[in-house]
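Below is the file data33.cif, which contains mmCIF, C-alpha atoms.
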```
data_query
loop_
_atom_site.label_atom_id
_atom_site.label_comp_id
_atom_site.auth_asym_id
_atom_site.auth_seq_id
_atom_site.Cartn_x
_atom_site.Cartn_y
_atom_site.Cartn_z
CA MET A 1176 21.31 -27.18 -29.98
CA CYS A 1177 19.74 -28.20 -26.72
CA ASP A 1178 21.77 -29.41 -23.76
CA CYS A 1179 20.94 -31.73 -20.87
CA ASP A 1180 19.21 -28.98 -18.90
CA ASP A 1181 16.92 -28.17 -21.82
CA CYS A 1182 16.34 -31.83 -22.34
CA GLU A 1183 15.32 -32.27 -18.71
CA GLN A 1184 12.92 -29.35 -19.06
CA TRP A 1185 11.48 -30.75 -22.24
CA MET A 1186 11.21 -34.36 -21.15
CA GLN A 1187 7.60 -34.27 -19.93
CA PRO A 1188 6.24 -32.12 -22.78
CA PHE A 1189 8.22 -34.34 -25.16
CA MET A 1190 6.50 -37.42 -23.77
CA ASP A 1191 3.13 -35.63 -23.84
CA ARG A 1192 3.79 -34.79 -27.50
CA VAL A 1193 3.18 -31.10 -27.03
CA LEU A 1194 6.55 -29.72 -28.12
CA THR A 1195 6.69 -27.82 -31.38
CA ASP A 1196 8.15 -29.80 -34.28
CA ALA A 1197 11.39 -27.84 -34.05
CA GLU A 1198 11.75 -28.45 -30.32
CA ARG A 1199 10.87 -32.07 -30.76
CA ARG A 1200 13.60 -32.53 -33.39
CA GLU A 1201 16.15 -30.83 -31.16
CA ALA A 1202 15.21 -33.07 -28.27
CA GLU A 1203 15.47 -36.14 -30.49
CA VAL A 1204 18.91 -35.11 -31.73
CA HIS A 1205 20.04 -34.61 -28.16
CA LEU A 1206 18.59 -37.94 -27.02
CA ASP A 1207 20.38 -39.72 -29.85
CA ASP A 1208 23.65 -38.22 -28.75
CA CYS A 1209 23.44 -38.24 -25.00
CA SER A 1210 23.29 -41.51 -23.08
CA TYR A 1211 22.77 -39.62 -19.80
CA CYS A 1212 19.45 -38.20 -21.00
CA ARG A 1213 18.53 -41.31 -22.96
CA LYS A 1214 18.69 -43.45 -19.83
CA ARG A 1215 16.48 -41.01 -18.04
CA TYR A 1216 14.07 -40.86 -20.94
CA ARG A 1217 13.72 -44.64 -20.89
CA PHE A 1218 13.19 -44.51 -17.15
CA GLU A 1219 10.47 -41.87 -17.52
CA THR A 1220 8.54 -43.96 -20.01
CA HIS A 1221 8.78 -47.03 -17.76
CA LEU A 1222 7.79 -44.92 -14.78
CA ARG A 1223 4.60 -43.70 -16.42
CA GLN A 1224 3.51 -47.23 -17.20
CA PHE A 1225 4.44 -48.38 -13.74
CA VAL A 1226 2.51 -45.59 -12.01
CA ARG A 1227 -0.54 -46.23 -14.15
CA GLN A 1228 -0.54 -49.94 -13.31
CA ALA A 1229 0.37 -49.51 -9.66
CA VAL A 1230 -2.63 -47.38 -8.81
CA VAL A 1231 -5.30 -49.48 -10.47
CA GLU A 1232 -7.80 -50.78 -7.99
CA PRO A 1233 -10.50 -52.91 -9.52
CA MET A 1234 -13.97 -51.53 -9.13
CA PRO A 1235 -15.95 -53.49 -6.53
CA ALA A 1236 -18.48 -55.77 -8.26
CA GLU A 1237 -21.07 -54.70 -5.77
CA LEU A 1238 -20.72 -51.04 -6.82
CA LYS A 1239 -21.29 -52.09 -10.41
CA GLN A 1240 -24.55 -53.70 -9.36
CA ARG A 1241 -25.60 -50.59 -7.47
CA LEU A 1242 -24.95 -48.48 -10.57
CA ALA A 1243 -26.94 -50.82 -12.77
CA ALA A 1244 -29.81 -50.58 -10.27
CA LEU A 1245 -29.90 -46.80 -10.82
CA ARG A 1246 -31.07 -47.28 -14.40
CA THR A 1247 -34.49 -46.08 -15.36
CA PRO A 1248 -36.87 -49.05 -15.34
CA LEU A 1249 -38.26 -49.91 -18.74
CA GLN A 1250 -41.94 -49.12 -19.00
CA MET B 621 -56.86 -37.24 -28.00
CA SER B 622 -57.36 -38.38 -31.56
CA GLU B 623 -55.52 -41.29 -33.16
CA THR B 624 -53.50 -38.98 -35.42
CA THR B 625 -51.83 -37.06 -32.60
CA ARG B 626 -51.24 -40.11 -30.43
CA GLU B 627 -49.20 -42.02 -32.93
CA PRO B 628 -46.35 -39.56 -33.45
CA ASP B 629 -46.31 -39.16 -29.68
CA ALA B 630 -45.89 -42.85 -29.21
CA ARG B 631 -43.07 -42.90 -31.72
CA ARG B 632 -41.37 -39.99 -30.02
CA LEU B 633 -41.64 -41.72 -26.68
CA ALA B 634 -40.18 -44.91 -28.09
CA THR B 635 -37.24 -43.02 -29.61
CA ASN B 636 -36.71 -41.23 -26.37
CA ALA B 637 -36.70 -44.47 -24.40
CA ARG B 638 -34.28 -46.05 -26.83
CA ASP B 639 -31.89 -43.08 -26.65
CA ARG B 640 -32.01 -43.24 -22.88
CA VAL B 641 -31.25 -46.97 -22.84
CA HIS B 642 -28.29 -46.35 -25.15
CA PHE B 643 -27.04 -43.56 -22.96
CA GLU B 644 -27.31 -45.64 -19.81
CA GLU B 645 -25.54 -48.58 -21.40
CA ASP B 646 -22.74 -46.38 -22.72
CA ALA B 647 -22.31 -44.70 -19.34
CA LEU B 648 -22.25 -48.00 -17.46
CA ALA B 649 -19.66 -49.40 -19.86
CA LEU B 650 -17.34 -46.57 -18.71
CA SER B 651 -17.85 -47.16 -15.00
CA ASP B 652 -14.53 -48.98 -14.48
CA GLN B 653 -12.66 -46.06 -15.97
CA VAL B 654 -14.67 -43.53 -14.01
CA TYR B 655 -14.03 -45.42 -10.78
CA ARG B 656 -10.32 -45.71 -11.50
CA VAL B 657 -10.01 -41.94 -11.68
CA ALA B 658 -12.44 -41.29 -8.82
CA ARG B 659 -10.52 -43.60 -6.54
CA HIS B 660 -7.51 -41.29 -6.64
CA LEU B 661 -9.34 -37.99 -6.57
CA VAL B 662 -10.63 -38.74 -3.06
CA GLY B 663 -9.01 -40.19 0.01
CA SER B 664 -10.80 -43.48 0.56
CA ARG B 665 -12.48 -46.29 -1.31
CA GLU B 666 -15.78 -45.60 0.45
CA GLU B 667 -15.74 -41.96 -0.64
CA ALA B 668 -14.91 -42.99 -4.19
CA GLU B 669 -17.79 -45.47 -4.27
CA ASP B 670 -20.27 -42.90 -2.94
CA LEU B 671 -19.07 -40.33 -5.39
CA VAL B 672 -19.33 -42.66 -8.39
CA GLN B 673 -22.81 -43.74 -7.33
CA GLU B 674 -23.95 -40.13 -6.94
CA THR B 675 -22.42 -39.31 -10.30
CA TYR B 676 -24.36 -42.03 -12.06
CA ALA B 677 -27.59 -41.11 -10.29
CA ARG B 678 -27.19 -37.55 -11.50
CA ALA B 679 -26.05 -38.57 -14.98
CA PHE B 680 -29.08 -40.80 -15.45
CA ARG B 681 -31.38 -38.01 -14.31
CA SER B 682 -29.88 -35.39 -16.59
CA TRP B 683 -28.90 -37.57 -19.54
CA ARG B 684 -30.66 -35.18 -21.93
CA SER B 685 -28.05 -32.51 -21.30
CA PHE B 686 -25.35 -34.78 -22.75
CA THR B 687 -24.59 -33.97 -26.38
CA PRO B 688 -24.31 -37.24 -28.31
CA GLY B 689 -20.99 -37.57 -30.09
CA THR B 690 -19.05 -35.67 -27.46
CA ASN B 691 -16.80 -37.28 -24.86
CA LEU B 692 -19.09 -39.12 -22.44
CA ARG B 693 -16.26 -40.10 -20.11
CA ALA B 694 -15.25 -36.45 -19.73
CA TRP B 695 -18.89 -35.48 -19.19
CA LEU B 696 -19.20 -38.03 -16.38
CA LEU B 697 -15.96 -36.89 -14.79
CA ARG B 698 -17.13 -33.30 -14.95
CA ILE B 699 -20.22 -34.26 -12.93
CA LEU B 700 -18.03 -36.21 -10.55
CA THR B 701 -15.56 -33.42 -9.86
CA ASN B 702 -18.41 -30.93 -9.35
CA LEU B 703 -20.06 -33.27 -6.86
CA ASN B 704 -16.73 -33.71 -5.15
CA ILE B 705 -16.47 -29.96 -4.67
CA ASP B 706 -20.12 -29.76 -3.54
CA ARG B 707 -19.37 -32.39 -0.95
CA GLY B 708 -17.19 -29.95 0.85
CA ARG B 709 -13.89 -30.14 -0.86
CA ARG B 710 -13.04 -26.48 -1.01
CA ILE B 711 -10.69 -25.16 -3.58
CA GLN B 712 -7.34 -25.57 -1.96
CA ARG B 713 -5.05 -22.63 -2.29
CA SER B 714 -1.57 -23.92 -2.52
CA PRO B 715 0.55 -21.90 -0.17
CA ASP B 716 3.34 -19.97 -1.80
CA THR B 717 5.73 -21.63 0.57
CA GLN B 718 5.34 -25.07 -1.00
CA PRO B 719 8.62 -26.91 -0.77
CA LEU B 720 10.44 -26.52 -4.02
CA GLU B 721 10.09 -29.72 -5.95
CA GLU B 722 13.13 -31.22 -7.60
CA GLY B 723 13.88 -31.39 -11.31
CA ASP B 724 12.53 -34.05 -13.62
CA TYR B 725 15.58 -36.31 -13.33
CA PHE B 726 15.50 -36.28 -9.55
CA LEU B 727 13.76 -39.62 -9.03
CA TYR B 728 15.99 -41.50 -11.46
CA ASN B 729 19.10 -40.00 -9.95
CA LYS B 730 17.92 -40.88 -6.48
CA LEU B 731 17.13 -44.47 -7.39
CA GLU B 732 20.35 -44.90 -9.31
CA GLU B 733 22.33 -43.57 -6.38
CA THR B 734 21.08 -46.44 -4.28
CA ASN B 735 21.93 -48.91 -7.00
CA ASP B 736 22.75 -52.27 -5.47
CA GLY B 737 25.31 -53.01 -8.16
CA SER B 738 22.94 -54.20 -10.84
CA THR B 739 23.61 -52.26 -13.97
CA ASP B 740 20.39 -52.85 -15.84
CA GLU B 741 19.03 -49.34 -16.07
CA ASP B 742 15.76 -50.61 -17.48
CA ARG B 743 15.08 -52.14 -14.10
CA VAL B 744 15.63 -49.02 -12.03
CA VAL B 745 11.87 -48.49 -11.92
CA GLU B 746 11.50 -51.84 -10.17
CA ARG B 747 12.99 -50.33 -7.05
CA LEU B 748 9.65 -48.65 -6.55
CA SER B 749 6.87 -50.67 -4.97
CA GLN B 750 3.18 -50.32 -5.67
CA ASN B 751 2.82 -48.86 -2.17
CA ASP B 752 5.45 -46.22 -2.88
CA VAL B 753 3.35 -45.02 -5.79
CA VAL B 754 -0.04 -45.17 -4.09
CA ASN B 755 1.18 -43.40 -0.95
CA ALA B 756 3.08 -40.80 -2.93
CA LEU B 757 0.06 -40.02 -5.08
CA SER B 758 -2.21 -39.55 -2.09
CA SER B 759 0.30 -37.12 -0.58
CA VAL B 760 0.20 -34.75 -3.57
CA PRO B 761 -1.95 -31.63 -2.77
CA HIS B 762 -5.26 -32.15 -4.52
CA ASP B 763 -5.09 -29.18 -6.90
CA PHE B 764 -2.06 -30.85 -8.44
CA ARG B 765 -3.24 -34.39 -7.91
CA ASP B 766 -6.51 -33.85 -9.81
CA VAL B 767 -4.59 -32.93 -12.93
CA VAL B 768 -2.04 -35.73 -12.62
CA VAL B 769 -4.81 -38.28 -12.04
CA LEU B 770 -6.87 -37.09 -15.01
CA VAL B 771 -3.98 -36.90 -17.47
CA ASP B 772 -1.60 -39.65 -16.35
CA ILE B 773 -4.06 -42.18 -14.98
CA GLY B 774 -7.28 -41.22 -16.75
CA ASP B 775 -5.59 -40.57 -20.10
CA PHE B 776 -7.45 -37.33 -20.62
CA SER B 777 -6.01 -34.66 -22.90
CA TYR B 778 -4.97 -31.31 -21.44
CA ALA B 779 -8.09 -29.82 -23.04
CA ASP B 780 -10.41 -32.42 -21.51
CA ALA B 781 -8.81 -32.01 -18.10
CA ALA B 782 -9.25 -28.24 -18.38
CA GLN B 783 -12.92 -28.67 -19.18
CA ILE B 784 -13.54 -31.22 -16.44
CA LEU B 785 -11.89 -29.06 -13.78
CA ASP B 786 -13.12 -25.77 -15.26
CA ILE B 787 -9.66 -24.24 -15.35
CA PRO B 788 -7.61 -22.85 -18.28
CA VAL B 789 -5.40 -25.23 -20.27
CA GLY B 790 -2.35 -23.24 -19.17
CA THR B 791 -3.22 -23.98 -15.55
CA VAL B 792 -3.56 -27.67 -16.39
CA MET B 793 -0.06 -27.60 -17.86
CA SER B 794 1.56 -25.80 -14.96
CA ARG B 795 -0.18 -27.95 -12.35
CA LEU B 796 0.71 -31.09 -14.24
CA HIS B 797 4.32 -30.03 -14.42
CA ARG B 798 4.55 -29.30 -10.71
CA GLY B 799 2.27 -32.17 -9.70
CA ARG B 800 4.45 -34.74 -11.44
CA ARG B 801 7.54 -33.36 -9.75
CA ILE B 802 5.88 -33.37 -6.34
CA LEU B 803 4.81 -36.96 -7.02
CA LYS B 804 8.33 -37.99 -7.96
CA ARG B 805 9.77 -36.32 -4.91
CA ALA B 806 7.27 -38.22 -2.74
CA MET B 807 8.08 -41.51 -4.49
CA ALA B 808 11.79 -40.91 -3.93
CA ASP B 809 11.17 -40.21 -0.25
CA SER B 810 9.07 -43.32 0.05
CA ALA B 811 11.48 -45.58 -1.84
CA VAL B 812 14.84 -44.46 -0.51
CA GLY B 813 13.96 -42.34 2.51
CA SER B 814 14.10 -38.60 2.94
CA GLN B 815 17.21 -38.49 5.11
CA THR B 816 19.51 -37.30 2.33
#
```
Exercise: express the given structure as structure tokens:
Amino acid sequence: MCDCDDCEQWMQPFMDRVLTDAERREAEVHLDDCSYCRKRYRFETHLRQFVRQAVVEPMPAELKQRLAALRTPLQ
Amino acid sequence: MSETTREPDARRLATNARDRVHFEEDALALSDQVYRVARHLVGSREEAEDLVQETYARAFRSWRSFTPGTNLRAWLLRILTNLNIDRGRRIQRSPDTQPLEEGDYFLYNKLEETNDGSTDEDRVVERLSQNDVVNALSSVPHDFRDVVVLVDIGDFSYADAAQILDIPVGTVMSRLHRGRRILKRAMADSAVGSQT
């Protein structure tokens, strides 16, 4: 049985889907049982989305034009 | 040259030109994604733009070394990270005396601690601003940041990130682990201050 410390250790690999099946099941059982870890799990999933969106800077249109201009001219 | 040798040549040239056009179109279609990653691998927008432009110039010159059917986005990022190193970014040795980062629950605990009374735990993340995230990310030492940017922002697998950065998968995993914690620590400092 895993406890909250294990669960904290496993949280990122769990979200990355790289735990073994056995570890994954243990983590799931713990998350079902433990509201402390479940809250934090929900937060972690929101956080990932938030970070991903927060850092997006649209590519300048002018750079796109410069890249297109690098193409080999058609003969 | 006789007619018989010229014709297959012409066909070969036409095929070649068509493959190249395909390659260039495919590469350009990925430019937004390449830029998004590049922007956070280097310090400024100008640097990112230069780097992406250089990457495409090189990619278009050496398009024949790309193996069709493999991951073009990873191939482009591999060129980009190599150019970034060529441009003077030396491999940064992380000093052994790095401040110990906190555990994975640290950021949540920190944000919850400063709870203004609202009990909706699904909104805890809203206490972070976009600036908190951007500033925190740029403060992560680049060995760690490269991996976090590739995996968490670029959506690359551990294996792709390992190939792009030319480091073992195990190193990707350990840097990702530490990098995310350093990032969270920095976000916590930015959002609620580092006084406590």
Can you list what the PyMOL selection byres ((chain A and resi 1182) around 10) grabs from this structure, as a PDB file with C-alpha atoms, in the coordinates of the input?
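After the write, out.pdb holds the following:
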```pdb
ATOM      1  CA  CYS A1177      19.740 -28.200 -26.720  1.00  0.00           C
ATOM      2  CA  ASP A1178      21.770 -29.410 -23.760  1.00  0.00           C
ATOM      3  CA  CYS A1179      20.940 -31.730 -20.870  1.00  0.00           C
ATOM      4  CA  ASP A1180      19.210 -28.980 -18.900  1.00  0.00           C
ATOM      5  CA  ASP A1181      16.920 -28.170 -21.820  1.00  0.00           C
ATOM      6  CA  GLU A1183      15.320 -32.270 -18.710  1.00  0.00           C
ATOM      7  CA  GLN A1184      12.920 -29.350 -19.060  1.00  0.00           C
ATOM      8  CA  TRP A1185      11.480 -30.750 -22.240  1.00  0.00           C
ATOM      9  CA  MET A1186      11.210 -34.360 -21.150  1.00  0.00           C
ATOM     10  CA  GLN A1187       7.600 -34.270 -19.930  1.00  0.00           C
ATOM     11  CA  PHE A1189       8.220 -34.340 -25.160  1.00  0.00           C
ATOM     12  CA  GLU A1198      11.750 -28.450 -30.320  1.00  0.00           C
ATOM     13  CA  GLU A1201      16.150 -30.830 -31.160  1.00  0.00           C
ATOM     14  CA  ALA A1202      15.210 -33.070 -28.270  1.00  0.00           C
ATOM     15  CA  GLU A1203      15.470 -36.140 -30.490  1.00  0.00           C
ATOM     16  CA  HIS A1205      20.040 -34.610 -28.160  1.00  0.00           C
ATOM     17  CA  LEU A1206      18.590 -37.940 -27.020  1.00  0.00           C
ATOM     18  CA  CYS A1209      23.440 -38.240 -25.000  1.00  0.00           C
ATOM     19  CA  CYS A1212      19.450 -38.200 -21.000  1.00  0.00           C
ATOM     20  CA  ARG A1213      18.530 -41.310 -22.960  1.00  0.00           C
ATOM     21  CA  TYR A1216      14.070 -40.860 -20.940  1.00  0.00           C
TER      22      TYR A1216
ATOM     23  CA  ASP B 724      12.530 -34.050 -13.620  1.00  0.00           C
TER      24      ASP B 724
END
```
Take the PyMOL selection byres ((chain A) within 6 of (chain B)), run it mentally on this structure, and tell me the resulting residues as a ChimeraX atom specification. /A:1227,1229-1230,1234
What separation in Å, quoted to one decimal, exists between atom CA of B:Val767 and atom CA of B:Arg805? 16.8 Å
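If only C-alpha atoms are the atoms counted, then among B:Ala756, B:Ala634, B:Leu661, B:Leu671 the closest residue to A:Leu1242 is B:Leu671.
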Please measure the separation of atom CA of B:Arg801 and atom CA of B:Ile787, giving the value in Å to one decimal. 20.3 Å
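You will find atom CA of A:Val1231 at 14.1 Å from atom CA of B:Val662.
Nearest residue to B:Asn691, choosing from B:Ile784, B:Asn704, B:Glu666, B:Ile802 and counting only C-alpha atoms: B:Ile784.
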Would you kindly identify which residues have an atom no farther than 6 Å from (1.1, -33.6, -7.0), using all atoms listed in the file and the file's own coordinates, and write them out as a count of residues only? 8
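Using only C-alpha atoms, the smallest distance between any of B:Gly663, B:Val812, B:His642, B:Arg747 and A:Leu1222 comes from B:Arg747.
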Filled-in N, CA and C atoms of stretch 622-649 of chain B, supplied as a PDB file, in the coordinates of the input:
```pdb
ATOM      1  N   SER B 622     -57.024 -37.605 -30.376  1.00  0.00           N
ATOM      2  CA  SER B 622     -57.360 -38.380 -31.560  1.00  0.00           C
ATOM      3  C   SER B 622     -56.212 -39.329 -31.927  1.00  0.00           C
ATOM      4  N   GLU B 623     -56.518 -40.309 -32.739  1.00  0.00           N
ATOM      5  CA  GLU B 623     -55.520 -41.290 -33.160  1.00  0.00           C
ATOM      6  C   GLU B 623     -54.301 -40.628 -33.817  1.00  0.00           C
ATOM      7  N   THR B 624     -54.593 -39.568 -34.626  1.00  0.00           N
ATOM      8  CA  THR B 624     -53.500 -38.980 -35.420  1.00  0.00           C
ATOM      9  C   THR B 624     -52.460 -38.286 -34.563  1.00  0.00           C
ATOM     10  N   THR B 625     -52.856 -37.708 -33.428  1.00  0.00           N
ATOM     11  CA  THR B 625     -51.830 -37.060 -32.600  1.00  0.00           C
ATOM     12  C   THR B 625     -51.150 -38.091 -31.679  1.00  0.00           C
ATOM     13  N   ARG B 626     -51.829 -39.157 -31.360  1.00  0.00           N
ATOM     14  CA  ARG B 626     -51.240 -40.110 -30.430  1.00  0.00           C
ATOM     15  C   ARG B 626     -50.080 -40.892 -31.061  1.00  0.00           C
ATOM     16  N   GLU B 627     -50.219 -41.164 -32.332  1.00  0.00           N
ATOM     17  CA  GLU B 627     -49.200 -42.020 -32.930  1.00  0.00           C
ATOM     18  C   GLU B 627     -47.802 -41.407 -32.995  1.00  0.00           C
ATOM     19  N   PRO B 628     -47.684 -40.157 -33.485  1.00  0.00           N
ATOM     20  CA  PRO B 628     -46.350 -39.560 -33.450  1.00  0.00           C
ATOM     21  C   PRO B 628     -45.823 -39.454 -32.028  1.00  0.00           C
ATOM     22  N   ASP B 629     -46.704 -39.207 -31.086  1.00  0.00           N
ATOM     23  CA  ASP B 629     -46.310 -39.160 -29.680  1.00  0.00           C
ATOM     24  C   ASP B 629     -45.701 -40.467 -29.241  1.00  0.00           C
ATOM     25  N   ALA B 630     -46.365 -41.524 -29.602  1.00  0.00           N
ATOM     26  CA  ALA B 630     -45.890 -42.850 -29.210  1.00  0.00           C
ATOM     27  C   ALA B 630     -44.520 -43.111 -29.814  1.00  0.00           C
ATOM     28  N   ARG B 631     -44.354 -42.680 -31.070  1.00  0.00           N
ATOM     29  CA  ARG B 631     -43.070 -42.900 -31.720  1.00  0.00           C
ATOM     30  C   ARG B 631     -41.971 -42.083 -31.031  1.00  0.00           C
ATOM     31  N   ARG B 632     -42.343 -40.846 -30.692  1.00  0.00           N
ATOM     32  CA  ARG B 632     -41.370 -39.990 -30.020  1.00  0.00           C
ATOM     33  C   ARG B 632     -40.956 -40.601 -28.673  1.00  0.00           C
ATOM     34  N   LEU B 633     -41.931 -41.112 -27.972  1.00  0.00           N
ATOM     35  CA  LEU B 633     -41.640 -41.720 -26.680  1.00  0.00           C
ATOM     36  C   LEU B 633     -40.727 -42.945 -26.829  1.00  0.00           C
ATOM     37  N   ALA B 634     -40.992 -43.701 -27.870  1.00  0.00           N
ATOM     38  CA  ALA B 634     -40.180 -44.910 -28.090  1.00  0.00           C
ATOM     39  C   ALA B 634     -38.745 -44.523 -28.422  1.00  0.00           C
ATOM     40  N   THR B 635     -38.584 -43.493 -29.261  1.00  0.00           N
ATOM     41  CA  THR B 635     -37.240 -43.020 -29.610  1.00  0.00           C
ATOM     42  C   THR B 635     -36.511 -42.526 -28.377  1.00  0.00           C
ATOM     43  N   ASN B 636     -37.247 -41.777 -27.599  1.00  0.00           N
ATOM     44  CA  ASN B 636     -36.710 -41.230 -26.370  1.00  0.00           C
ATOM     45  C   ASN B 636     -36.224 -42.352 -25.439  1.00  0.00           C
ATOM     46  N   ALA B 637     -37.050 -43.353 -25.286  1.00  0.00           N
ATOM     47  CA  ALA B 637     -36.700 -44.470 -24.400  1.00  0.00           C
ATOM     48  C   ALA B 637     -35.470 -45.196 -24.927  1.00  0.00           C
ATOM     49  N   ARG B 638     -35.417 -45.342 -26.249  1.00  0.00           N
ATOM     50  CA  ARG B 638     -34.280 -46.050 -26.830  1.00  0.00           C
ATOM     51  C   ARG B 638     -32.983 -45.243 -26.635  1.00  0.00           C
ATOM     52  N   ASP B 639     -33.065 -43.931 -26.865  1.00  0.00           N
ATOM     53  CA  ASP B 639     -31.890 -43.080 -26.650  1.00  0.00           C
ATOM     54  C   ASP B 639     -31.415 -43.174 -25.203  1.00  0.00           C
ATOM     55  N   ARG B 640     -32.376 -43.204 -24.297  1.00  0.00           N
ATOM     56  CA  ARG B 640     -32.010 -43.240 -22.880  1.00  0.00           C
ATOM     57  C   ARG B 640     -31.323 -44.568 -22.542  1.00  0.00           C
ATOM     58  N   VAL B 641     -31.871 -45.660 -23.077  1.00  0.00           N
ATOM     59  CA  VAL B 641     -31.250 -46.970 -22.840  1.00  0.00           C
ATOM     60  C   VAL B 641     -29.823 -46.986 -23.371  1.00  0.00           C
ATOM     61  N   HIS B 642     -29.646 -46.446 -24.564  1.00  0.00           N
ATOM     62  CA  HIS B 642     -28.290 -46.350 -25.150  1.00  0.00           C
ATOM     63  C   HIS B 642     -27.367 -45.573 -24.236  1.00  0.00           C
ATOM     64  N   PHE B 643     -27.858 -44.424 -23.811  1.00  0.00           N
ATOM     65  CA  PHE B 643     -27.040 -43.560 -22.960  1.00  0.00           C
ATOM     66  C   PHE B 643     -26.629 -44.311 -21.697  1.00  0.00           C
ATOM     67  N   GLU B 644     -27.597 -44.958 -21.077  1.00  0.00           N
ATOM     68  CA  GLU B 644     -27.310 -45.640 -19.810  1.00  0.00           C
ATOM     69  C   GLU B 644     -26.309 -46.781 -20.015  1.00  0.00           C
ATOM     70  N   GLU B 645     -26.483 -47.486 -21.115  1.00  0.00           N
ATOM     71  CA  GLU B 645     -25.540 -48.580 -21.400  1.00  0.00           C
ATOM     72  C   GLU B 645     -24.132 -48.042 -21.632  1.00  0.00           C
ATOM     73  N   ASP B 646     -24.058 -46.973 -22.433  1.00  0.00           N
ATOM     74  CA  ASP B 646     -22.740 -46.380 -22.720  1.00  0.00           C
ATOM     75  C   ASP B 646     -22.077 -45.891 -21.432  1.00  0.00           C
ATOM     76  N   ALA B 647     -22.866 -45.247 -20.589  1.00  0.00           N
ATOM     77  CA  ALA B 647     -22.310 -44.700 -19.340  1.00  0.00           C
ATOM     78  C   ALA B 647     -21.841 -45.834 -18.433  1.00  0.00           C
ATOM     79  N   LEU B 648     -22.627 -46.877 -18.335  1.00  0.00           N
ATOM     80  CA  LEU B 648     -22.250 -48.000 -17.460  1.00  0.00           C
ATOM     81  C   LEU B 648     -20.988 -48.696 -17.974  1.00  0.00           C
ATOM     82  N   ALA B 649     -20.841 -48.744 -19.289  1.00  0.00           N
ATOM     83  CA  ALA B 649     -19.660 -49.400 -19.860  1.00  0.00           C
ATOM     84  C   ALA B 649     -18.378 -48.647 -19.468  1.00  0.00           C
TER      85      ALA B 649
END
```
